[in-house]
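For reference, my_file.cif (mmCIF, C-alpha atoms):
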```
data_data
#
loop_
_atom_site.label_atom_id
_atom_site.label_comp_id
_atom_site.auth_asym_id
_atom_site.auth_seq_id
_atom_site.Cartn_x
_atom_site.Cartn_y
_atom_site.Cartn_z
CA MET A 5 19.63 45.36 -23.27
CA ALA A 6 16.61 46.47 -21.32
CA GLN A 7 14.46 43.99 -23.27
CA VAL A 8 16.78 41.09 -22.43
CA SER A 9 16.67 42.04 -18.82
CA SER A 10 12.89 42.07 -18.71
CA ILE A 11 12.71 38.61 -20.30
CA ALA A 12 15.18 37.37 -17.72
CA GLU A 13 13.09 38.83 -14.94
CA GLU A 14 9.94 37.25 -16.34
CA GLN A 15 11.60 33.83 -16.49
CA ALA A 16 12.83 34.18 -12.97
CA THR A 17 9.41 35.10 -11.64
CA THR A 18 7.44 32.43 -13.54
CA PRO A 19 6.33 29.94 -10.88
CA LEU A 20 7.14 26.29 -11.44
CA SER A 21 3.96 24.29 -11.91
CA ALA A 22 3.11 22.42 -8.75
CA SER A 23 3.87 18.70 -8.90
CA LYS A 24 0.89 16.55 -8.00
CA SER A 25 0.84 12.84 -7.43
CA VAL A 26 -1.38 10.09 -8.75
CA LEU A 27 -2.01 6.56 -7.55
CA LEU A 28 -0.76 4.29 -10.32
CA ARG A 29 -2.20 0.76 -10.17
CA ILE A 30 -0.26 -1.67 -12.33
CA SER A 31 -1.58 -5.12 -13.18
CA ARG A 32 1.05 -7.76 -12.40
CA PHE A 33 0.74 -11.22 -13.93
CA ASN A 34 3.16 -13.91 -14.92
CA PRO A 35 1.29 -16.73 -16.73
CA GLU A 36 4.04 -19.20 -15.81
CA THR A 37 3.67 -18.71 -12.05
CA ASP A 38 0.43 -16.82 -11.31
CA GLU A 39 -3.17 -18.00 -11.50
CA SER A 40 -4.61 -14.52 -11.74
CA ASN A 41 -3.39 -10.97 -11.89
CA LYS A 42 -2.93 -8.69 -8.91
CA PHE A 43 -2.49 -4.95 -8.75
CA MET A 44 0.49 -3.13 -7.28
CA GLU A 45 -0.03 0.49 -6.29
CA PHE A 46 2.49 3.30 -6.50
CA SER A 47 2.18 6.98 -5.72
CA VAL A 48 3.84 8.76 -8.62
CA PRO A 49 4.44 12.53 -8.97
CA TYR A 50 3.37 14.04 -12.28
CA GLN A 51 3.29 17.30 -14.16
CA LYS A 52 0.54 18.27 -16.58
CA TRP A 53 2.63 16.92 -19.47
CA THR A 54 3.55 13.59 -17.84
CA THR A 55 2.36 10.60 -19.84
CA VAL A 56 1.24 7.28 -18.42
CA LEU A 57 4.30 5.64 -19.98
CA GLU A 58 6.59 8.09 -18.20
CA ALA A 59 4.83 7.30 -14.92
CA ILE A 60 5.31 3.56 -15.50
CA LEU A 61 8.99 4.09 -16.35
CA ASP A 62 9.26 6.19 -13.17
CA VAL A 63 7.96 3.20 -11.23
CA LYS A 64 10.49 0.94 -12.95
CA LYS A 65 13.30 3.36 -12.16
CA HIS A 66 12.50 4.16 -8.54
CA PHE A 67 10.24 1.42 -7.13
CA ASP A 68 10.18 -1.87 -9.00
CA HIS A 69 12.33 -2.51 -12.05
CA SER A 70 10.63 -5.87 -12.71
CA VAL A 71 7.45 -4.29 -14.16
CA ALA A 72 7.22 -5.60 -17.74
CA VAL A 73 6.15 -3.05 -20.34
CA ARG A 74 6.85 -2.79 -24.08
CA TYR A 75 7.71 0.64 -25.48
CA SER A 76 10.00 2.26 -27.99
CA CYS A 77 9.41 5.58 -29.76
CA ARG A 78 7.43 7.47 -27.06
CA GLN A 79 5.66 9.47 -29.78
CA ALA A 80 2.72 7.30 -30.91
CA THR A 81 4.53 6.01 -33.96
CA CYS A 82 5.81 2.52 -33.14
CA GLY A 83 2.55 1.20 -31.64
CA SER A 84 4.33 -0.72 -28.89
CA CYS A 85 2.84 0.65 -25.66
CA GLY A 86 -0.85 -0.18 -26.10
CA MET A 87 -2.59 -1.07 -22.83
CA LEU A 88 -5.83 -0.59 -20.94
CA ILE A 89 -5.67 2.73 -19.13
CA ASN A 90 -8.57 3.19 -16.76
CA GLY A 91 -10.39 0.47 -18.68
CA LYS A 92 -9.95 1.93 -22.17
CA PRO A 93 -7.38 0.77 -24.76
CA ARG A 94 -4.88 3.60 -25.27
CA LEU A 95 -1.23 4.21 -26.08
CA ALA A 96 0.60 4.89 -22.80
CA CYS A 97 2.97 7.33 -24.51
CA PHE A 98 0.07 9.28 -26.01
CA THR A 99 -2.04 9.56 -22.84
CA LYS A 100 -1.30 12.31 -20.38
CA ILE A 101 -2.19 11.62 -16.75
CA SER A 102 -3.68 15.10 -16.47
CA GLU A 103 -6.13 14.30 -19.31
CA LEU A 104 -7.59 11.37 -17.40
CA ASN A 105 -9.12 13.61 -14.70
CA SER A 106 -8.64 10.94 -12.07
CA ASN A 107 -6.51 10.55 -8.97
CA VAL A 108 -6.18 6.85 -9.73
CA VAL A 109 -4.72 5.49 -12.96
CA THR A 110 -5.13 1.76 -13.52
CA VAL A 111 -3.05 0.11 -16.23
CA GLU A 112 -3.70 -3.42 -17.47
CA PRO A 113 -2.62 -5.46 -20.50
CA MET A 114 -4.78 -5.18 -23.62
CA ASN A 115 -7.83 -7.43 -23.91
CA ASN A 116 -7.90 -10.16 -26.57
CA PHE A 117 -4.11 -10.61 -26.49
CA PRO A 118 -2.27 -13.35 -24.56
CA VAL A 119 -0.19 -11.84 -21.75
CA ILE A 120 3.57 -12.42 -21.78
CA ARG A 121 4.01 -10.70 -18.42
CA ASP A 122 2.41 -7.71 -16.67
CA LEU A 123 1.63 -5.17 -19.44
CA ALA A 124 3.43 -6.90 -22.30
CA VAL A 125 1.27 -8.97 -24.65
CA LYS A 126 1.85 -11.28 -27.61
CA PHE A 127 1.16 -9.81 -31.06
CA GLU A 128 1.36 -13.05 -33.07
CA ARG A 129 -2.36 -13.21 -33.88
CA LEU A 130 -2.43 -9.59 -35.06
CA PHE A 131 0.65 -10.02 -37.24
CA ASP A 132 -0.69 -13.33 -38.64
CA THR A 133 -4.05 -11.83 -39.66
CA HIS A 134 -2.30 -8.73 -41.00
CA GLN A 135 -0.06 -10.89 -43.16
CA LYS A 136 -3.01 -13.05 -44.24
CA ILE A 137 -4.75 -10.18 -46.06
CA LYS A 138 -1.63 -9.55 -48.23
CA PRO A 139 -0.68 -6.05 -47.05
CA TYR A 140 1.19 -5.04 -50.20
CA LEU A 141 0.39 -3.93 -53.74
CA ILE A 142 -0.47 -6.85 -56.00
CA ARG A 143 0.06 -6.42 -59.73
CA ASP A 144 1.90 -8.17 -62.52
CA ASP A 145 4.14 -5.31 -63.57
CA THR A 146 6.42 -3.21 -61.40
CA GLU A 147 7.46 0.42 -61.47
CA LEU A 148 10.92 -0.62 -62.59
CA GLU A 149 9.70 -2.70 -65.55
CA SER A 150 7.45 0.00 -67.02
CA ASP A 151 10.21 2.37 -68.15
CA GLU A 152 10.87 3.37 -64.56
CA LYS A 153 7.68 5.40 -64.46
CA GLU A 154 5.83 5.86 -61.22
CA PHE A 155 2.32 4.53 -60.73
CA LEU A 156 0.62 7.88 -60.53
CA GLN A 157 -2.43 8.60 -58.40
CA SER A 158 -4.73 11.58 -58.30
CA PRO A 159 -5.34 13.31 -54.95
CA GLU A 160 -8.90 11.92 -55.06
CA GLU A 161 -7.61 8.35 -55.48
CA LEU A 162 -5.22 8.87 -52.58
CA GLU A 163 -8.03 10.25 -50.44
CA ASN A 164 -9.88 6.93 -50.79
CA PHE A 165 -7.43 5.08 -48.56
CA ILE A 166 -4.87 7.46 -47.03
CA GLN A 167 -6.35 7.46 -43.51
CA PHE A 168 -6.11 3.65 -43.44
CA ALA A 169 -2.40 3.88 -44.29
CA ASN A 170 -1.88 5.61 -40.92
CA CYS A 171 -2.32 2.29 -39.05
CA ILE A 172 0.66 1.64 -36.72
CA LYS A 173 -0.39 -1.94 -35.80
CA CYS A 174 -0.71 -1.06 -32.11
CA GLY A 175 -3.61 -3.49 -31.66
CA LEU A 176 -5.90 -1.11 -29.74
CA CYS A 177 -8.75 -1.74 -32.22
CA ASN A 178 -8.44 -5.51 -31.81
CA SER A 179 -8.35 -5.04 -28.04
CA ALA A 180 -11.60 -3.02 -28.10
CA CYS A 181 -13.43 -5.35 -30.52
CA PRO A 182 -16.19 -7.40 -28.82
CA THR A 183 -16.11 -10.07 -31.54
CA MET A 184 -12.38 -10.65 -30.96
CA THR A 185 -13.25 -11.55 -27.37
CA THR A 186 -15.56 -14.43 -28.26
CA ASP A 187 -14.32 -15.53 -31.69
CA SER A 188 -10.71 -16.67 -31.55
CA SER A 189 -10.65 -17.10 -35.35
CA PHE A 190 -12.05 -13.66 -36.25
CA VAL A 191 -9.74 -11.78 -38.60
CA GLY A 192 -10.18 -8.55 -36.60
CA PRO A 193 -10.66 -4.84 -37.36
CA GLN A 194 -6.96 -4.13 -37.86
CA ALA A 195 -6.56 -6.64 -40.69
CA LEU A 196 -9.93 -5.74 -42.23
CA ALA A 197 -9.03 -2.04 -42.25
CA GLN A 198 -5.75 -2.90 -43.96
CA ALA A 199 -7.58 -5.10 -46.46
CA TYR A 200 -9.66 -2.05 -47.38
CA ARG A 201 -6.53 0.13 -47.53
CA TYR A 202 -5.16 -2.03 -50.37
CA VAL A 203 -8.50 -2.82 -52.04
CA ALA A 204 -9.18 0.93 -52.32
CA ASP A 205 -5.70 1.69 -53.67
CA SER A 206 -5.99 2.44 -57.40
CA ARG A 207 -2.52 0.95 -58.01
CA ASP A 208 -3.49 -2.44 -56.57
CA LYS A 209 -4.90 -5.29 -58.67
CA GLY A 210 -5.43 -7.83 -55.88
CA LYS A 211 -8.95 -6.87 -54.89
CA ASP A 212 -10.59 -10.20 -55.73
CA SER A 213 -7.99 -12.31 -53.93
CA ARG A 214 -8.26 -10.15 -50.80
CA LEU A 215 -12.05 -10.20 -50.83
CA ASP A 216 -11.90 -14.00 -51.08
CA ILE A 217 -9.67 -14.13 -47.99
CA ILE A 218 -12.02 -12.08 -45.81
CA ASP A 219 -15.21 -13.65 -47.20
CA GLU A 220 -15.23 -16.69 -44.91
CA SER A 221 -17.10 -17.83 -41.81
CA HIS A 222 -14.77 -15.97 -39.41
CA GLY A 223 -14.14 -13.07 -41.76
CA ILE A 224 -15.76 -9.72 -42.35
CA TRP A 225 -19.35 -10.87 -41.73
CA ARG A 226 -18.70 -11.52 -38.04
CA CYS A 227 -18.25 -7.78 -37.39
CA HIS A 228 -21.22 -6.51 -35.34
CA PHE A 229 -20.43 -2.87 -36.15
CA ALA A 230 -20.01 -1.92 -32.50
CA GLY A 231 -17.64 0.77 -33.73
CA SER A 232 -15.36 0.57 -30.68
CA CYS A 233 -12.35 -0.04 -32.96
CA SER A 234 -12.77 3.41 -34.48
CA GLN A 235 -13.30 5.01 -31.06
CA VAL A 236 -9.93 3.89 -29.69
CA CYS A 237 -7.63 4.33 -32.71
CA PRO A 238 -4.89 6.82 -31.74
CA LYS A 239 -4.14 7.64 -35.39
CA GLY A 240 -7.66 8.53 -36.48
CA VAL A 241 -8.16 5.42 -38.61
CA ASP A 242 -11.82 4.35 -38.90
CA PRO A 243 -11.75 0.53 -39.25
CA ALA A 244 -15.54 0.28 -38.83
CA MET A 245 -16.02 2.47 -41.91
CA GLY A 246 -13.48 0.42 -43.90
CA ILE A 247 -15.34 -2.76 -42.95
CA GLN A 248 -18.64 -1.31 -44.19
CA PHE A 249 -16.97 -0.28 -47.47
CA LEU A 250 -15.59 -3.81 -47.87
CA ARG A 251 -19.07 -5.24 -47.28
CA GLY A 252 -20.25 -2.93 -50.06
CA TYR A 253 -17.82 -4.65 -52.45
CA LEU A 254 -18.99 -8.11 -51.36
CA LEU A 255 -22.69 -7.21 -51.61
CA GLY A 256 -22.23 -5.65 -55.03
CA PHE A 257 -22.85 -2.01 -54.07
CA ARG A 258 -19.26 -1.02 -54.88
CA SER A 259 -16.95 -2.13 -57.66
CA MET B 22 -21.20 -21.71 -50.37
CA LYS B 23 -19.42 -18.39 -49.92
CA GLU B 24 -20.18 -16.53 -46.71
CA SER B 25 -21.18 -13.43 -48.71
CA THR B 26 -23.79 -15.49 -50.59
CA ILE B 27 -25.14 -16.83 -47.29
CA MET B 28 -25.32 -13.30 -45.88
CA LYS B 29 -27.10 -12.01 -49.00
CA ILE B 30 -29.71 -14.73 -48.41
CA HIS B 31 -29.76 -13.77 -44.72
CA TYR B 32 -30.46 -10.10 -45.43
CA GLY B 33 -32.90 -10.92 -48.25
CA THR B 34 -34.95 -13.30 -46.11
CA ALA B 35 -35.06 -10.69 -43.33
CA LEU B 36 -36.43 -8.00 -45.64
CA ALA B 37 -38.92 -10.33 -47.31
CA SER B 38 -40.09 -11.65 -43.93
CA VAL B 39 -40.78 -8.16 -42.65
CA GLY B 40 -42.95 -7.46 -45.71
CA LEU B 41 -44.88 -10.73 -45.60
CA VAL B 42 -45.36 -10.76 -41.82
CA ALA B 43 -46.71 -7.20 -42.11
CA VAL B 44 -49.28 -8.47 -44.65
CA HIS B 45 -50.02 -11.43 -42.36
CA ILE B 46 -50.71 -9.10 -39.40
CA LEU B 47 -52.75 -6.70 -41.55
CA MET B 48 -54.97 -9.66 -42.48
CA ARG B 49 -56.08 -9.71 -38.83
CA LEU B 50 -57.79 -6.39 -39.51
CA THR B 51 -60.25 -7.96 -41.95
CA THR B 52 -62.25 -9.15 -38.94
CA GLY B 53 -62.00 -8.13 -35.30
CA PHE B 54 -58.58 -8.97 -33.88
CA SER B 55 -59.82 -11.51 -31.31
CA ASP B 56 -62.27 -13.05 -33.82
CA SER B 57 -59.50 -13.46 -36.36
CA LEU B 58 -57.66 -15.75 -33.96
CA SER B 59 -60.61 -17.96 -33.14
CA TYR B 60 -60.13 -21.64 -34.03
CA GLU B 61 -62.68 -21.68 -36.87
CA ASN B 62 -61.38 -18.48 -38.49
CA VAL B 63 -57.79 -19.69 -38.35
CA LEU B 64 -58.78 -22.97 -40.04
CA ALA B 65 -60.80 -21.01 -42.61
CA ASN B 66 -57.72 -18.97 -43.52
CA TYR B 67 -56.01 -22.17 -44.66
CA GLN B 68 -58.67 -22.71 -47.33
CA SER B 69 -57.44 -19.68 -49.26
CA ILE B 70 -54.64 -20.82 -51.57
CA PRO B 71 -52.90 -17.38 -51.85
CA TYR B 72 -52.88 -17.11 -48.06
CA VAL B 73 -51.51 -20.63 -47.69
CA ILE B 74 -48.73 -19.81 -50.16
CA MET B 75 -47.91 -16.70 -48.14
CA LEU B 76 -47.78 -18.71 -44.90
CA GLU B 77 -45.52 -21.27 -46.54
CA LEU B 78 -43.21 -18.49 -47.77
CA ILE B 79 -43.08 -16.93 -44.29
CA LEU B 80 -42.23 -20.33 -42.84
CA ILE B 81 -39.37 -20.86 -45.31
CA LEU B 82 -38.02 -17.30 -44.99
CA LEU B 83 -38.04 -17.31 -41.19
CA ALA B 84 -36.59 -20.82 -40.97
CA VAL B 85 -33.72 -19.95 -43.30
CA HIS B 86 -33.06 -16.61 -41.58
CA GLY B 87 -33.44 -17.95 -38.06
CA PHE B 88 -31.26 -21.01 -38.44
CA ASN B 89 -28.53 -19.05 -40.19
CA GLY B 90 -28.66 -16.53 -37.34
CA LEU B 91 -28.34 -19.38 -34.86
CA ARG B 92 -25.39 -20.78 -36.85
CA VAL B 93 -23.64 -17.40 -36.73
CA ILE B 94 -24.17 -17.07 -32.97
CA LEU B 95 -22.91 -20.61 -32.30
CA LEU B 96 -19.84 -20.10 -34.52
CA GLU B 97 -18.93 -17.03 -32.50
CA LEU B 98 -19.39 -18.79 -29.18
CA LYS B 99 -16.89 -21.54 -29.83
CA GLN B 100 -14.43 -22.47 -32.55
CA GLY B 101 -13.06 -25.76 -33.83
CA ARG B 102 -13.21 -27.71 -37.08
CA VAL B 103 -15.50 -30.51 -35.86
CA TYR B 104 -17.69 -28.14 -33.84
CA GLU B 105 -18.14 -25.74 -36.76
CA LYS B 106 -19.07 -28.52 -39.17
CA ALA B 107 -21.54 -29.94 -36.62
CA VAL B 108 -23.12 -26.50 -36.14
CA SER B 109 -23.39 -25.81 -39.88
CA TYR B 110 -24.87 -29.20 -40.81
CA GLY B 111 -27.02 -29.24 -37.65
CA CYS B 112 -28.56 -25.91 -38.57
CA VAL B 113 -29.29 -27.07 -42.13
CA VAL B 114 -30.95 -30.24 -40.79
CA GLY B 115 -32.90 -28.23 -38.21
CA MET B 116 -34.07 -25.83 -40.90
CA ILE B 117 -35.24 -28.68 -43.17
CA VAL B 118 -37.04 -30.43 -40.30
CA LEU B 119 -38.83 -27.22 -39.26
CA ILE B 120 -39.88 -26.42 -42.83
CA GLY B 121 -41.03 -30.02 -43.30
CA TYR B 122 -43.04 -30.03 -40.07
CA GLY B 123 -44.59 -26.63 -40.77
CA SER B 124 -45.40 -27.50 -44.38
CA ASN B 125 -47.02 -30.72 -43.25
CA THR B 126 -49.27 -28.76 -40.88
CA ILE B 127 -50.17 -26.22 -43.59
CA ILE B 128 -50.97 -28.90 -46.19
CA GLN B 129 -52.99 -31.06 -43.81
CA THR B 130 -55.02 -28.04 -42.66
CA ASN B 131 -55.60 -26.94 -46.23
CA MET B 132 -56.86 -30.41 -47.14
CA GLY B 133 -59.22 -30.41 -44.16
CA MET B 134 -57.39 -33.19 -42.35
CA ILE B 135 -57.14 -31.14 -39.14
#
```
Would you mind writing the file out in structure tokens?
Amino acid sequence: MAQVSSIAEEQATTPLSASKSVLLRISRFNPETDESNKFMEFSVPYQKWTTVLEAILDVKKHFDHSVAVRYSCRQATCGSCGMLINGKPRLACFTKISELNSNVVTVEPMNNFPVIRDLAVKFERLFDTHQKIKPYLIRDDTELESDEKEFLQSPEELENFIQFANCIKCGLCNSACPTMTTDSSFVGPQALAQAYRYVADSRDKGKDSRLDIIDESHGIWRCHFAGSCSQVCPKGVDPAMGIQFLRGYLLGFRS
Amino acid sequence: MKESTIMKIHYGTALASVGLVAVHILMRLTTGFSDSLSYENVLANYQSIPYVIMLELILILLAVHGFNGLRVILLELKQGRVYEKAVSYGCVVGMIVLIGYGSNTIIQTNMGMI
């Protein structure tokens, strides 16, 4: 009884963390009516655990409901809320305001994506290039045909590609890629990383067809190895490394 | 031609050029550096067949590497079917013209016509 009482006293005396406020600058742009973007500024209160997405939703709720932003899971799984936060591509739901160490937080739509409105961008190019590299296992037989046995893999074989399977198609890598900015036909780090994910999978037999797809004038060879794709990935995927491994296959260093 | 084949040639010509240009620069050490670049000495170099072959190889390697590099840069600057074909064929023509012009100079000098 005494113990319960002391816990209750401790809870009662724990001070609430002081709420601070941050200046949130949101890029506003409607391609149908505006010639260029403009920034709207809002003073938003935040706690140390407040994310940029929560601050934007706070703005929508209390100041301006017309701010366009795409989001869903709020836990860095769906890959919907990618945007430039203080100039760097990040997931808004995975970025705490307190981590930014700035009194001003500027949010803009991702680079290298056409803007639908405000912070929402079109993903068609990313999905098209992703689909182009055949993101599925290619083989003649199936698990069901071969006496319902699984296609087994050793832990070492899984290790070859597992980090690339963490891709959530958020597009941050494509947004950070300098080649994507100038080359509108470049296949992009997201699709190349996924090409490696399947090429390195011991169950897959479609290596040659995938290598043919990326071995073209706007394919893998246009990567300058800036490495910014790997810097911004929120899931720890290293597309730049996957691209180098794929080049190894094409140059004959890997088989 | 597959892009990977082109890039193998690109990397190969770069490596070979570095080696041969290094030999070419080291040849300047056979005489004093300023003397080696005097008009008579430069003409005399062209009388040595192995040296002429090396110069011709450097010309070909650098032309192939340089024009492919230019093609890559131009393809990244702008896209479009007609533009890309024009860039690719233009670079091949430019490469052939440069090699032809350079070879002509090397041969004429070797034969004492210059």
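For the pair atom CA of A:Ile30 and atom CA of A:Phe127, the separation is 20.5 Å.
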(request) Residues of chain B near chain A: apply a cut-off of 9 Å, count all atoms listed in the file, and supply the list as a list in words. (result)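 Taken together, these residues fit the definition: Lys23, Glu24, Ser25, Thr26, Met28, Lys29, Val93, Leu96, Glu97, Leu98, Lys99 and Gln100 of chain B.
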(message) Residues near A:Val236, anyone? I mean within 9 Å using only C-alpha atoms, not counting same-chain ones fewer than 6 positions away, as an MDAnalysis selection string.
(response) chainID A and resid 92:94 176:177 180
(message) Between atom CA of A:Phe229 and atom CA of A:Gly192, what distance in Å does the model show, to one decimal?
(response)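 Value for the atom CA of A:Phe229-atom CA of A:Gly192 distance: 11.7 Å.
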(request) Run through the PyMOL selection byres ((chain A and resi 69-71) around 10) on the given coordinates and return the selected residues as a list in words. (result)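 Here the PyMOL selection byres ((chain A and resi 69-71) around 10) matches Ile30, Ser31, Arg32, Phe33, Met44, Ile60, Leu61, Asp62, Val63, Lys64, Lys65, His66, Phe67, Asp68, Ala72, Val73, Arg121, Asp122, Leu123 and Ala124 of chain A.
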Axis-aligned box over every listed atom of stretch 111-119 of chain B, padded by 6 Å per side: centre and edges in Å to one decimal, as AutoDock Vina command-line options?
```
--center_x -32.9 --center_y -28.1 --center_z -40.4 --size_x 23.8 --size_y 16.6 --size_z 17.5
```
(message) Please enumerate the residues selected by the PyMOL selection byres ((chain B and resi 42) around 12) when evaluated against the supplied file, formatted as an NGL selection string.
(response) :B and (34-41 or 43-49 or 72 or 75-80 or 82-83)
Could you save the residues just selected, with C-alpha atoms, as a compact mmCIF listing (two decimals), in the frame of the given file?
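This went into out_25.txt:
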```txt
# COMPACT_ATOMS: atom_id res chain seq x y z
CA THR B 34 -34.95 -13.30 -46.11
CA ALA B 35 -35.06 -10.69 -43.33
CA LEU B 36 -36.43 -8.00 -45.64
CA ALA B 37 -38.92 -10.33 -47.31
CA SER B 38 -40.09 -11.65 -43.93
CA VAL B 39 -40.78 -8.16 -42.65
CA GLY B 40 -42.95 -7.46 -45.71
CA LEU B 41 -44.88 -10.73 -45.60
CA ALA B 43 -46.71 -7.20 -42.11
CA VAL B 44 -49.28 -8.47 -44.65
CA HIS B 45 -50.02 -11.43 -42.36
CA ILE B 46 -50.71 -9.10 -39.40
CA LEU B 47 -52.75 -6.70 -41.55
CA MET B 48 -54.97 -9.66 -42.48
CA ARG B 49 -56.08 -9.71 -38.83
CA TYR B 72 -52.88 -17.11 -48.06
CA MET B 75 -47.91 -16.70 -48.14
CA LEU B 76 -47.78 -18.71 -44.90
CA GLU B 77 -45.52 -21.27 -46.54
CA LEU B 78 -43.21 -18.49 -47.77
CA ILE B 79 -43.08 -16.93 -44.29
CA LEU B 80 -42.23 -20.33 -42.84
CA LEU B 82 -38.02 -17.30 -44.99
CA LEU B 83 -38.04 -17.31 -41.19
```
(message) I want to know what sits within 12 Å of A:Cys233, based on only C-alpha atoms, with residues of the same chain fewer than 5 positions away left out; could you give that as an MDAnalysis selection string?
(response) chainID A and resid 92:94 171 174:184 192:197 227:228 238:247
(message) Counting only C-alpha atoms, which residues sit no farther than 12 Å from the position (-41.2, -27.8, -52.3) in the file's frame? I'd like them as a PyMOL selection string.
(response) chain B and resi 74+77-78+81+117+120-121+124-125+128
Deliver the residues from the most recent selection as a file, using C-alpha atoms, as a PDB file, in the frame of the given file.
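Contents of out.pdb, as written:
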```pdb
ATOM      1  CA  ILE B  74     -48.730 -19.810 -50.160  1.00  0.00           C
ATOM      2  CA  GLU B  77     -45.520 -21.270 -46.540  1.00  0.00           C
ATOM      3  CA  LEU B  78     -43.210 -18.490 -47.770  1.00  0.00           C
ATOM      4  CA  ILE B  81     -39.370 -20.860 -45.310  1.00  0.00           C
ATOM      5  CA  ILE B 117     -35.240 -28.680 -43.170  1.00  0.00           C
ATOM      6  CA  ILE B 120     -39.880 -26.420 -42.830  1.00  0.00           C
ATOM      7  CA  GLY B 121     -41.030 -30.020 -43.300  1.00  0.00           C
ATOM      8  CA  SER B 124     -45.400 -27.500 -44.380  1.00  0.00           C
ATOM      9  CA  ASN B 125     -47.020 -30.720 -43.250  1.00  0.00           C
ATOM     10  CA  ILE B 128     -50.970 -28.900 -46.190  1.00  0.00           C
TER      11      ILE B 128
END
```
(request) Identify, on the basis of all atoms listed in the file, every residue whose closest approach to B:Leu64 does not exceed 12 Å; exclude the query and any residue fewer than 5 positions from it along the same chain; express the result as JSON, numbers by chain. (result) {"B": [57, 58, 59, 69, 72, 73, 126, 127, 128, 129, 130, 131, 132, 133, 134, 135]}
Save the residues we just selected, C-alpha atoms, as a short mmCIF file (atom, residue, chain, number, x, y, z; two decimals), in the frame of the given file?
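Dumped to part-v2.cif:
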```
data_model
loop_
_atom_site.label_atom_id
_atom_site.label_comp_id
_atom_site.auth_asym_id
_atom_site.auth_seq_id
_atom_site.Cartn_x
_atom_site.Cartn_y
_atom_site.Cartn_z
CA SER B 57 -59.50 -13.46 -36.36
CA LEU B 58 -57.66 -15.75 -33.96
CA SER B 59 -60.61 -17.96 -33.14
CA SER B 69 -57.44 -19.68 -49.26
CA TYR B 72 -52.88 -17.11 -48.06
CA VAL B 73 -51.51 -20.63 -47.69
CA THR B 126 -49.27 -28.76 -40.88
CA ILE B 127 -50.17 -26.22 -43.59
CA ILE B 128 -50.97 -28.90 -46.19
CA GLN B 129 -52.99 -31.06 -43.81
CA THR B 130 -55.02 -28.04 -42.66
CA ASN B 131 -55.60 -26.94 -46.23
CA MET B 132 -56.86 -30.41 -47.14
CA GLY B 133 -59.22 -30.41 -44.16
CA MET B 134 -57.39 -33.19 -42.35
CA ILE B 135 -57.14 -31.14 -39.14
#
```
(request) State, in Å with one decimal place, the distance from atom CA of B:Ile27 to atom CA of A:Arg201. (result) 25.2 Å
(message) I'd like the contact shell of stretch 25-27 of chain A - 12 Å cut-off, all atoms listed in the file, skipping same-chain residues fewer than 3 positions apart - returned as an MDAnalysis selection string.
(response) chainID A and resid 22 30 43:52 54:56 59:60 63 90 100:102 104:111
